[in-house]
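Enquirer: PDB, C-alpha atoms, pLDDT in the B column, saved as start37.pdb, coming up:
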```
ATOM      1  CA  MET T  28     -20.664  -7.462  10.833  1.00 47.00           C
ATOM      2  CA  ASN T  29     -18.031  -4.866  11.784  1.00 55.00           C
ATOM      3  CA  LEU T  30     -18.149  -2.452   8.860  1.00 55.00           C
ATOM      4  CA  ASP T  31     -15.068  -0.601  10.133  1.00 59.00           C
ATOM      5  CA  ARG T  32     -13.023  -3.674   9.239  1.00 59.00           C
ATOM      6  CA  PHE T  33     -13.759  -2.929   5.584  1.00 61.00           C
ATOM      7  CA  ILE T  34     -14.278   0.844   5.591  1.00 69.00           C
ATOM      8  CA  VAL T  35     -10.887   1.655   7.143  1.00 69.00           C
ATOM      9  CA  PRO T  36      -8.876  -0.315   4.527  1.00 70.00           C
ATOM     10  CA  PHE T  37     -10.935   1.268   1.742  1.00 69.00           C
ATOM     11  CA  ASP T  38     -10.237   4.719   3.178  1.00 71.00           C
ATOM     12  CA  ARG T  39      -6.519   3.939   3.395  1.00 77.00           C
ATOM     13  CA  ALA T  40      -6.506   2.791  -0.220  1.00 76.00           C
ATOM     14  CA  LEU T  41      -8.070   6.072  -1.370  1.00 71.00           C
ATOM     15  CA  ARG T  42      -5.582   8.063   0.710  1.00 78.00           C
ATOM     16  CA  THR T  43      -2.630   6.134  -0.695  1.00 84.00           C
ATOM     17  CA  LEU T  44      -3.695   6.432  -4.310  1.00 85.00           C
ATOM     18  CA  PHE T  45      -5.328   9.855  -4.520  1.00 80.00           C
ATOM     19  CA  SER T  46      -4.281  12.110  -1.646  1.00 82.00           C
ATOM     20  CA  THR T  47      -0.970  13.784  -0.853  1.00 86.00           C
ATOM     21  CA  PRO T  48       0.909  11.785   1.808  1.00 88.00           C
ATOM     22  CA  HIS T  49       2.682  13.523   4.668  1.00 88.00           C
ATOM     23  CA  SER T  50       5.825  12.644   6.582  1.00 90.00           C
ATOM     24  CA  SER T  51       6.616  13.333  10.235  1.00 88.00           C
ATOM     25  CA  ARG T  52      10.307  13.240   9.344  1.00 92.00           C
ATOM     26  CA  PRO T  53      11.925  15.818   7.050  1.00 92.00           C
ATOM     27  CA  THR T  54      12.494  14.647   3.496  1.00 94.00           C
ATOM     28  CA  PRO T  55      16.091  13.365   3.279  1.00 95.00           C
ATOM     29  CA  GLY T  56      18.343  15.663   1.250  1.00 94.00           C
ATOM     30  CA  GLN T  57      15.913  18.555   1.448  1.00 92.00           C
ATOM     31  CA  GLU T  58      18.724  20.838   2.576  1.00 94.00           C
ATOM     32  CA  LEU T  59      20.847  19.971  -0.457  1.00 95.00           C
ATOM     33  CA  PRO T  60      20.879  22.192  -3.560  1.00 93.00           C
ATOM     34  CA  GLU T  61      19.005  20.957  -6.603  1.00 93.00           C
ATOM     35  CA  ALA T  62      21.459  19.456  -9.090  1.00 90.00           C
ATOM     36  CA  GLN T  63      21.782  20.817 -12.614  1.00 92.00           C
ATOM     37  CA  LEU T  64      20.798  17.652 -14.432  1.00 95.00           C
ATOM     38  CA  ASP T  65      20.670  17.383 -18.188  1.00 95.00           C
ATOM     39  CA  GLU T  66      17.476  16.097 -19.804  1.00 95.00           C
ATOM     40  CA  SER T  67      18.545  12.446 -19.965  1.00 96.00           C
ATOM     41  CA  GLU T  68      19.667  12.473 -16.318  1.00 97.00           C
ATOM     42  CA  ARG T  69      16.426  14.088 -15.218  1.00 96.00           C
ATOM     43  CA  ARG T  70      14.391  11.487 -17.118  1.00 96.00           C
ATOM     44  CA  LEU T  71      16.416   8.676 -15.547  1.00 97.00           C
ATOM     45  CA  SER T  72      16.008  10.034 -12.026  1.00 97.00           C
ATOM     46  CA  GLY T  73      12.296  10.569 -12.630  1.00 97.00           C
ATOM     47  CA  ALA T  74      11.815   7.032 -13.936  1.00 97.00           C
ATOM     48  CA  LEU T  75      13.675   5.452 -11.025  1.00 97.00           C
ATOM     49  CA  MET T  76      11.818   7.525  -8.454  1.00 97.00           C
ATOM     50  CA  ARG T  77       8.511   6.615 -10.115  1.00 97.00           C
ATOM     51  CA  VAL T  78       9.410   2.944  -9.652  1.00 97.00           C
ATOM     52  CA  ASN T  79      10.267   3.620  -6.016  1.00 96.00           C
ATOM     53  CA  HIS T  80       7.006   5.486  -5.486  1.00 97.00           C
ATOM     54  CA  THR T  81       4.980   2.579  -6.863  1.00 96.00           C
ATOM     55  CA  GLY T  82       6.984   0.264  -4.631  1.00 94.00           C
ATOM     56  CA  GLU T  83       5.778   2.292  -1.663  1.00 94.00           C
ATOM     57  CA  VAL T  84       2.203   2.129  -2.937  1.00 95.00           C
ATOM     58  CA  CYS T  85       2.594  -1.656  -3.020  1.00 94.00           C
ATOM     59  CA  ALA T  86       4.071  -1.640   0.486  1.00 92.00           C
ATOM     60  CA  GLN T  87       1.022   0.194   1.829  1.00 92.00           C
ATOM     61  CA  ALA T  88      -1.247  -2.403   0.259  1.00 93.00           C
ATOM     62  CA  LEU T  89       0.834  -5.391   1.393  1.00 93.00           C
ATOM     63  CA  TYR T  90       0.831  -4.246   5.006  1.00 92.00           C
ATOM     64  CA  GLU T  91      -2.863  -3.395   4.851  1.00 91.00           C
ATOM     65  CA  GLY T  92      -3.655  -6.894   3.620  1.00 92.00           C
ATOM     66  CA  GLN T  93      -1.514  -8.450   6.338  1.00 92.00           C
ATOM     67  CA  MET T  94      -3.042  -6.271   9.064  1.00 90.00           C
ATOM     68  CA  LEU T  95      -6.550  -7.304   8.027  1.00 88.00           C
ATOM     69  CA  VAL T  96      -5.877 -10.909   9.023  1.00 90.00           C
ATOM     70  CA  ALA T  97      -3.081 -10.667  11.631  1.00 88.00           C
ATOM     71  CA  ARG T  98      -3.801 -12.848  14.648  1.00 88.00           C
ATOM     72  CA  GLU T  99      -1.512 -11.482  17.356  1.00 89.00           C
ATOM     73  CA  ALA T 100      -1.567  -7.913  18.652  1.00 88.00           C
ATOM     74  CA  ARG T 101       2.242  -7.691  18.577  1.00 89.00           C
ATOM     75  CA  VAL T 102       2.274  -8.564  14.877  1.00 89.00           C
ATOM     76  CA  GLN T 103      -0.457  -6.018  14.198  1.00 88.00           C
ATOM     77  CA  LYS T 104       1.604  -3.387  16.009  1.00 89.00           C
ATOM     78  CA  LEU T 105       4.762  -4.268  14.088  1.00 88.00           C
ATOM     79  CA  LEU T 106       2.921  -4.026  10.770  1.00 90.00           C
ATOM     80  CA  GLU T 107       1.388  -0.688  11.718  1.00 88.00           C
ATOM     81  CA  HIS T 108       4.808   0.730  12.613  1.00 87.00           C
ATOM     82  CA  ALA T 109       6.314  -0.440   9.324  1.00 87.00           C
ATOM     83  CA  ALA T 110       3.339   0.948   7.398  1.00 87.00           C
ATOM     84  CA  ARG T 111       3.815   4.381   9.001  1.00 88.00           C
ATOM     85  CA  GLU T 112       7.427   4.495   7.860  1.00 88.00           C
ATOM     86  CA  GLU T 113       6.387   3.363   4.379  1.00 89.00           C
ATOM     87  CA  THR T 114       3.911   6.254   4.316  1.00 92.00           C
ATOM     88  CA  GLU T 115       6.855   8.568   4.906  1.00 95.00           C
ATOM     89  CA  HIS T 116       8.682   6.920   2.023  1.00 96.00           C
ATOM     90  CA  LEU T 117       5.594   7.459  -0.109  1.00 95.00           C
ATOM     91  CA  ALA T 118       5.634  11.162   0.783  1.00 95.00           C
ATOM     92  CA  TRP T 119       9.353  11.499   0.057  1.00 97.00           C
ATOM     93  CA  THR T 120       9.193   9.815  -3.339  1.00 97.00           C
ATOM     94  CA  GLU T 121       6.092  11.754  -4.372  1.00 96.00           C
ATOM     95  CA  SER T 122       7.764  15.021  -3.389  1.00 96.00           C
ATOM     96  CA  ARG T 123      10.865  14.105  -5.339  1.00 96.00           C
ATOM     97  CA  LEU T 124       8.805  13.228  -8.399  1.00 97.00           C
ATOM     98  CA  ARG T 125       7.281  16.711  -8.335  1.00 96.00           C
ATOM     99  CA  GLU T 126      10.716  18.308  -8.037  1.00 96.00           C
ATOM    100  CA  LEU T 127      11.936  16.334 -11.042  1.00 96.00           C
ATOM    101  CA  GLY T 128       8.845  17.194 -13.069  1.00 95.00           C
ATOM    102  CA  ALA T 129       7.935  13.502 -13.311  1.00 96.00           C
ATOM    103  CA  ARG T 130       4.559  11.824 -12.845  1.00 95.00           C
ATOM    104  CA  LYS T 131       3.341   8.922 -10.757  1.00 95.00           C
ATOM    105  CA  SER T 132       2.684   5.588 -12.433  1.00 96.00           C
ATOM    106  CA  LEU T 133      -0.648   5.103 -14.158  1.00 95.00           C
ATOM    107  CA  LEU T 134      -0.582   1.502 -12.933  1.00 95.00           C
ATOM    108  CA  ASP T 135      -0.621   2.313  -9.206  1.00 95.00           C
ATOM    109  CA  PRO T 136      -4.279   1.263  -8.621  1.00 95.00           C
ATOM    110  CA  LEU T 137      -3.660  -2.086 -10.315  1.00 94.00           C
ATOM    111  CA  PHE T 138      -0.545  -2.801  -8.277  1.00 95.00           C
ATOM    112  CA  TYR T 139      -2.273  -1.681  -5.078  1.00 94.00           C
ATOM    113  CA  ALA T 140      -5.105  -4.164  -5.608  1.00 93.00           C
ATOM    114  CA  GLY T 141      -2.735  -7.012  -6.397  1.00 93.00           C
ATOM    115  CA  SER T 142      -0.505  -6.243  -3.424  1.00 94.00           C
ATOM    116  CA  LEU T 143      -3.475  -6.045  -1.057  1.00 93.00           C
ATOM    117  CA  ALA T 144      -4.571  -9.520  -2.105  1.00 93.00           C
ATOM    118  CA  LEU T 145      -1.017 -10.845  -1.805  1.00 92.00           C
ATOM    119  CA  GLY T 146      -0.583  -9.376   1.669  1.00 92.00           C
ATOM    120  CA  ALA T 147      -3.861 -10.863   2.867  1.00 93.00           C
ATOM    121  CA  THR T 148      -2.891 -14.261   1.448  1.00 93.00           C
ATOM    122  CA  ALA T 149       0.438 -14.160   3.287  1.00 92.00           C
ATOM    123  CA  GLY T 150      -1.348 -13.157   6.481  1.00 91.00           C
ATOM    124  CA  LEU T 151      -3.862 -15.991   6.232  1.00 93.00           C
ATOM    125  CA  LEU T 152      -1.002 -18.493   6.348  1.00 92.00           C
ATOM    126  CA  GLY T 153      -0.315 -17.383   9.915  1.00 93.00           C
ATOM    127  CA  ASP T 154       1.659 -14.684  11.661  1.00 93.00           C
ATOM    128  CA  ARG T 155       4.953 -16.564  11.455  1.00 93.00           C
ATOM    129  CA  TRP T 156       4.709 -16.764   7.681  1.00 94.00           C
ATOM    130  CA  SER T 157       3.362 -13.225   7.453  1.00 93.00           C
ATOM    131  CA  LEU T 158       6.445 -11.936   9.279  1.00 93.00           C
ATOM    132  CA  GLY T 159       8.632 -14.054   7.027  1.00 94.00           C
ATOM    133  CA  PHE T 160       6.931 -12.536   4.003  1.00 93.00           C
ATOM    134  CA  LEU T 161       7.576  -9.063   5.421  1.00 93.00           C
ATOM    135  CA  ALA T 162      11.261  -9.857   6.007  1.00 94.00           C
ATOM    136  CA  GLU T 163      11.752 -11.277   2.522  1.00 94.00           C
ATOM    137  CA  THR T 164       9.931  -8.355   0.920  1.00 94.00           C
ATOM    138  CA  GLU T 165      12.185  -5.883   2.702  1.00 93.00           C
ATOM    139  CA  ARG T 166      15.340  -7.819   1.809  1.00 94.00           C
ATOM    140  CA  GLN T 167      14.379  -7.697  -1.848  1.00 94.00           C
ATOM    141  CA  VAL T 168      13.511  -4.000  -1.608  1.00 94.00           C
ATOM    142  CA  GLU T 169      16.912  -3.333  -0.033  1.00 95.00           C
ATOM    143  CA  GLN T 170      18.612  -5.008  -3.004  1.00 95.00           C
ATOM    144  CA  HIS T 171      16.417  -3.062  -5.409  1.00 94.00           C
ATOM    145  CA  LEU T 172      17.299   0.254  -3.754  1.00 96.00           C
ATOM    146  CA  THR T 173      20.986  -0.614  -3.761  1.00 96.00           C
ATOM    147  CA  GLY T 174      20.691  -1.086  -7.517  1.00 95.00           C
ATOM    148  CA  HIS T 175      19.078   2.325  -7.828  1.00 95.00           C
ATOM    149  CA  MET T 176      21.913   3.912  -5.873  1.00 95.00           C
ATOM    150  CA  ASP T 177      24.256   2.554  -8.544  1.00 95.00           C
ATOM    151  CA  ARG T 178      22.087   3.888 -11.396  1.00 96.00           C
ATOM    152  CA  LEU T 179      21.003   7.316 -10.183  1.00 97.00           C
ATOM    153  CA  PRO T 180      23.037  10.199 -11.624  1.00 96.00           C
ATOM    154  CA  ALA T 181      25.958  10.945  -9.311  1.00 95.00           C
ATOM    155  CA  ALA T 182      24.979  14.620  -9.206  1.00 96.00           C
ATOM    156  CA  ASP T 183      21.406  13.912  -8.082  1.00 97.00           C
ATOM    157  CA  ALA T 184      22.189  14.129  -4.370  1.00 96.00           C
ATOM    158  CA  ARG T 185      18.561  14.755  -3.373  1.00 97.00           C
ATOM    159  CA  SER T 186      17.253  11.546  -4.928  1.00 97.00           C
ATOM    160  CA  ARG T 187      20.201   9.599  -3.596  1.00 97.00           C
ATOM    161  CA  ALA T 188      19.558  10.850  -0.046  1.00 97.00           C
ATOM    162  CA  VAL T 189      15.924   9.720  -0.233  1.00 97.00           C
ATOM    163  CA  VAL T 190      16.850   6.281  -1.533  1.00 97.00           C
ATOM    164  CA  GLU T 191      19.603   5.833   1.053  1.00 97.00           C
ATOM    165  CA  GLN T 192      17.280   6.577   3.984  1.00 96.00           C
ATOM    166  CA  MET T 193      14.598   4.332   2.538  1.00 96.00           C
ATOM    167  CA  ARG T 194      17.126   1.516   2.249  1.00 96.00           C
ATOM    168  CA  SER T 195      18.176   1.964   5.863  1.00 95.00           C
ATOM    169  CA  ASP T 196      14.549   1.794   7.026  1.00 94.00           C
ATOM    170  CA  GLU T 197      13.858  -1.351   4.989  1.00 93.00           C
ATOM    171  CA  VAL T 198      16.842  -3.108   6.554  1.00 94.00           C
ATOM    172  CA  GLY T 199      15.402  -2.284   9.962  1.00 93.00           C
ATOM    173  CA  HIS T 200      11.984  -3.676   9.027  1.00 92.00           C
ATOM    174  CA  ALA T 201      13.510  -6.958   7.837  1.00 93.00           C
ATOM    175  CA  MET T 202      15.626  -7.364  10.972  1.00 93.00           C
ATOM    176  CA  THR T 203      12.639  -6.691  13.223  1.00 92.00           C
ATOM    177  CA  ALA T 204      10.444  -9.210  11.383  1.00 91.00           C
ATOM    178  CA  GLU T 205      13.143 -11.872  11.670  1.00 92.00           C
ATOM    179  CA  ARG T 206      13.706 -11.127  15.352  1.00 91.00           C
ATOM    180  CA  GLU T 207       9.969 -11.464  16.016  1.00 90.00           C
ATOM    181  CA  GLY T 208       9.917 -14.988  14.591  1.00 91.00           C
ATOM    182  CA  GLY T 209       9.426 -14.599  10.849  1.00 91.00           C
ATOM    183  CA  ALA T 210       9.864 -17.882   8.982  1.00 93.00           C
ATOM    184  CA  ARG T 211      12.288 -18.213   6.092  1.00 93.00           C
ATOM    185  CA  LEU T 212      10.189 -18.498   2.934  1.00 93.00           C
ATOM    186  CA  PRO T 213      10.830 -21.459   0.617  1.00 92.00           C
ATOM    187  CA  LEU T 214      12.852 -20.810  -2.528  1.00 92.00           C
ATOM    188  CA  PRO T 215       9.886 -21.007  -4.972  1.00 91.00           C
ATOM    189  CA  ALA T 216       8.054 -18.309  -2.986  1.00 90.00           C
ATOM    190  CA  ARG T 217      11.121 -16.051  -2.944  1.00 92.00           C
ATOM    191  CA  PHE T 218      11.579 -16.567  -6.687  1.00 93.00           C
ATOM    192  CA  ALA T 219       7.919 -15.737  -7.383  1.00 91.00           C
ATOM    193  CA  MET T 220       8.251 -12.543  -5.355  1.00 90.00           C
ATOM    194  CA  ARG T 221      11.310 -11.509  -7.372  1.00 92.00           C
ATOM    195  CA  LEU T 222       9.464 -12.193 -10.616  1.00 92.00           C
ATOM    196  CA  ALA T 223       6.487 -10.087  -9.514  1.00 90.00           C
ATOM    197  CA  ALA T 224       8.838  -7.279  -8.501  1.00 91.00           C
ATOM    198  CA  ARG T 225      10.468  -7.342 -11.923  1.00 91.00           C
ATOM    199  CA  VAL T 226       7.087  -6.974 -13.589  1.00 93.00           C
ATOM    200  CA  MET T 227       6.333  -3.962 -11.399  1.00 92.00           C
ATOM    201  CA  THR T 228       9.694  -2.257 -11.889  1.00 92.00           C
ATOM    202  CA  GLY T 229       9.777  -2.995 -15.597  1.00 92.00           C
ATOM    203  CA  THR T 230       6.358  -1.508 -16.316  1.00 95.00           C
ATOM    204  CA  THR T 231       6.203   1.454 -13.950  1.00 94.00           C
ATOM    205  CA  ARG T 232       9.493   2.862 -15.178  1.00 88.00           C
ATOM    206  CA  TYR T 233       7.666   3.794 -18.383  1.00 90.00           C
ATOM    207  CA  PHE T 234       3.988   3.835 -17.427  1.00 91.00           C
TER
END
```
What's the structure tokens form of this structure?
Expert:
Amino acid sequence: MNLDRFIVPFDRALRTLFSTPHSSRPTPGQELPEAQLDESERRLSGALMRVNHTGEVCAQALYEGQMLVAREARVQKLLEHAAREETEHLAWTESRLRELGARKSLLDPLFYAGSLALGATAGLLGDRWSLGFLAETERQVEQHLTGHMDRLPAADARSRAVVEQMRSDEVGHAMTAEREGGARLPLPARFAMRLAARVMTGTTRYF
């Protein structure tokens, strides 16, 4: 038995949940002045960025689950590239949470475990469906981030810059997955994914 196959994912889970992530790219909006937000605006920005941070925790777990069972090397490479960019998103959102004086979600370990299992399940269906799952996930995340752009305080330019760059990256991930042969998921699967996302966003905004 190759123990590395299990040790490496466990190590990545610990790093995602309990260590400080780092980004090779500068945090978007870092050069912008910190906005003078009132208390309600700061709470709103903090809550939305907490949701986005947990979304990135889930992304790490989804890709990890898919990588565990990917069949083709090209799919493995694509997933690894997307996961690296999601790690940058994780670093950006965590940094922004600290700046806003907000905390990470208490539910992150639970959502990580569930997302890992979901990613592995998608991967076991085959690389074509795994890529389709990736594309659909990123399309839904893009819509979610667009909604956050509409809700973030207009003055909070730093948070808006982070969300905008994240959205751009997610669009790229979806396009790449489709170009590499990702299958279009059936409507019930897409609906179930949206429902699961609503549970995550609805709970982590407060917890």
Enquirer: Would you mind listing what lies within 6 Å of stretch 132-148 of chain T as number ranges by chain, with only C-alpha atoms counted and same-chain residues fewer than 5 positions away left out?
Expert: T: 85, 88-89, 92-93, 231, 234
Enquirer: Since I can't run it myself right now, could you work out what the PyMOL selection byres ((chain T and resi 44) around 8) selects here and report it as a PyMOL selection string?
Expert: chain T and resi 40-43+45-46+84+135-136
Enquirer: Could you tell me how far atom CA of T:Pro215 sits from atom CA of T:Glu113, in Å to one decimal place?
Expert: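 About the pair atom CA of T:Glu113 and atom CA of T:Pro215: they are 26.3 Å apart.
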Enquirer: Around all the atoms of stretch 152-158 of chain T listed in the file, draw an axis-aligned box and extend it by 6 Å on each of the six sides; I want its centre and edge lengths in Å to one decimal, as AutoDock Vina command-line options.
Expert:
```
--center_x 2.7 --center_y -15.2 --center_z 9.0 --size_x 19.4 --size_y 18.6 --size_z 17.3
```
Enquirer: Do you know which residues are at most 9 Å from T:Lys104 counting all atoms listed in the file, after dropping those on the same chain fewer than 5 positions away, and could you put them as a compact mmCIF listing (two decimals) with C-alpha atoms, keeping the file's coordinate frame?
Expert:
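Dumped everything to around38.txt:
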```txt
# COMPACT_ATOMS: atom_id res chain seq x y z
CA MET T 94 -3.04 -6.27 9.06
CA GLU T 99 -1.51 -11.48 17.36
CA ALA T 109 6.31 -0.44 9.32
```
Enquirer: So what does the PyMOL selection byres ((chain T and resi 189-205) around 6) actually pick up in this one, as a ChimeraX atom specification?
Expert: /T:55,158,162,165,169,186-188,206-209
Enquirer: Please determine, counting all atoms listed in the file, which residue among T:Glu115, T:Arg39, T:Ser72, T:Leu64 has the shortest atom-to-atom distance to T:Met176.
Expert: T:Ser72
Enquirer: Pick from T:Arg111, T:Arg123, T:Arg130, T:Arg211: nearest to T:Arg185, with only C-alpha atoms counted?
Expert: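 Counting only C-alpha atoms, the residue closest to T:Arg185 is T:Arg123.
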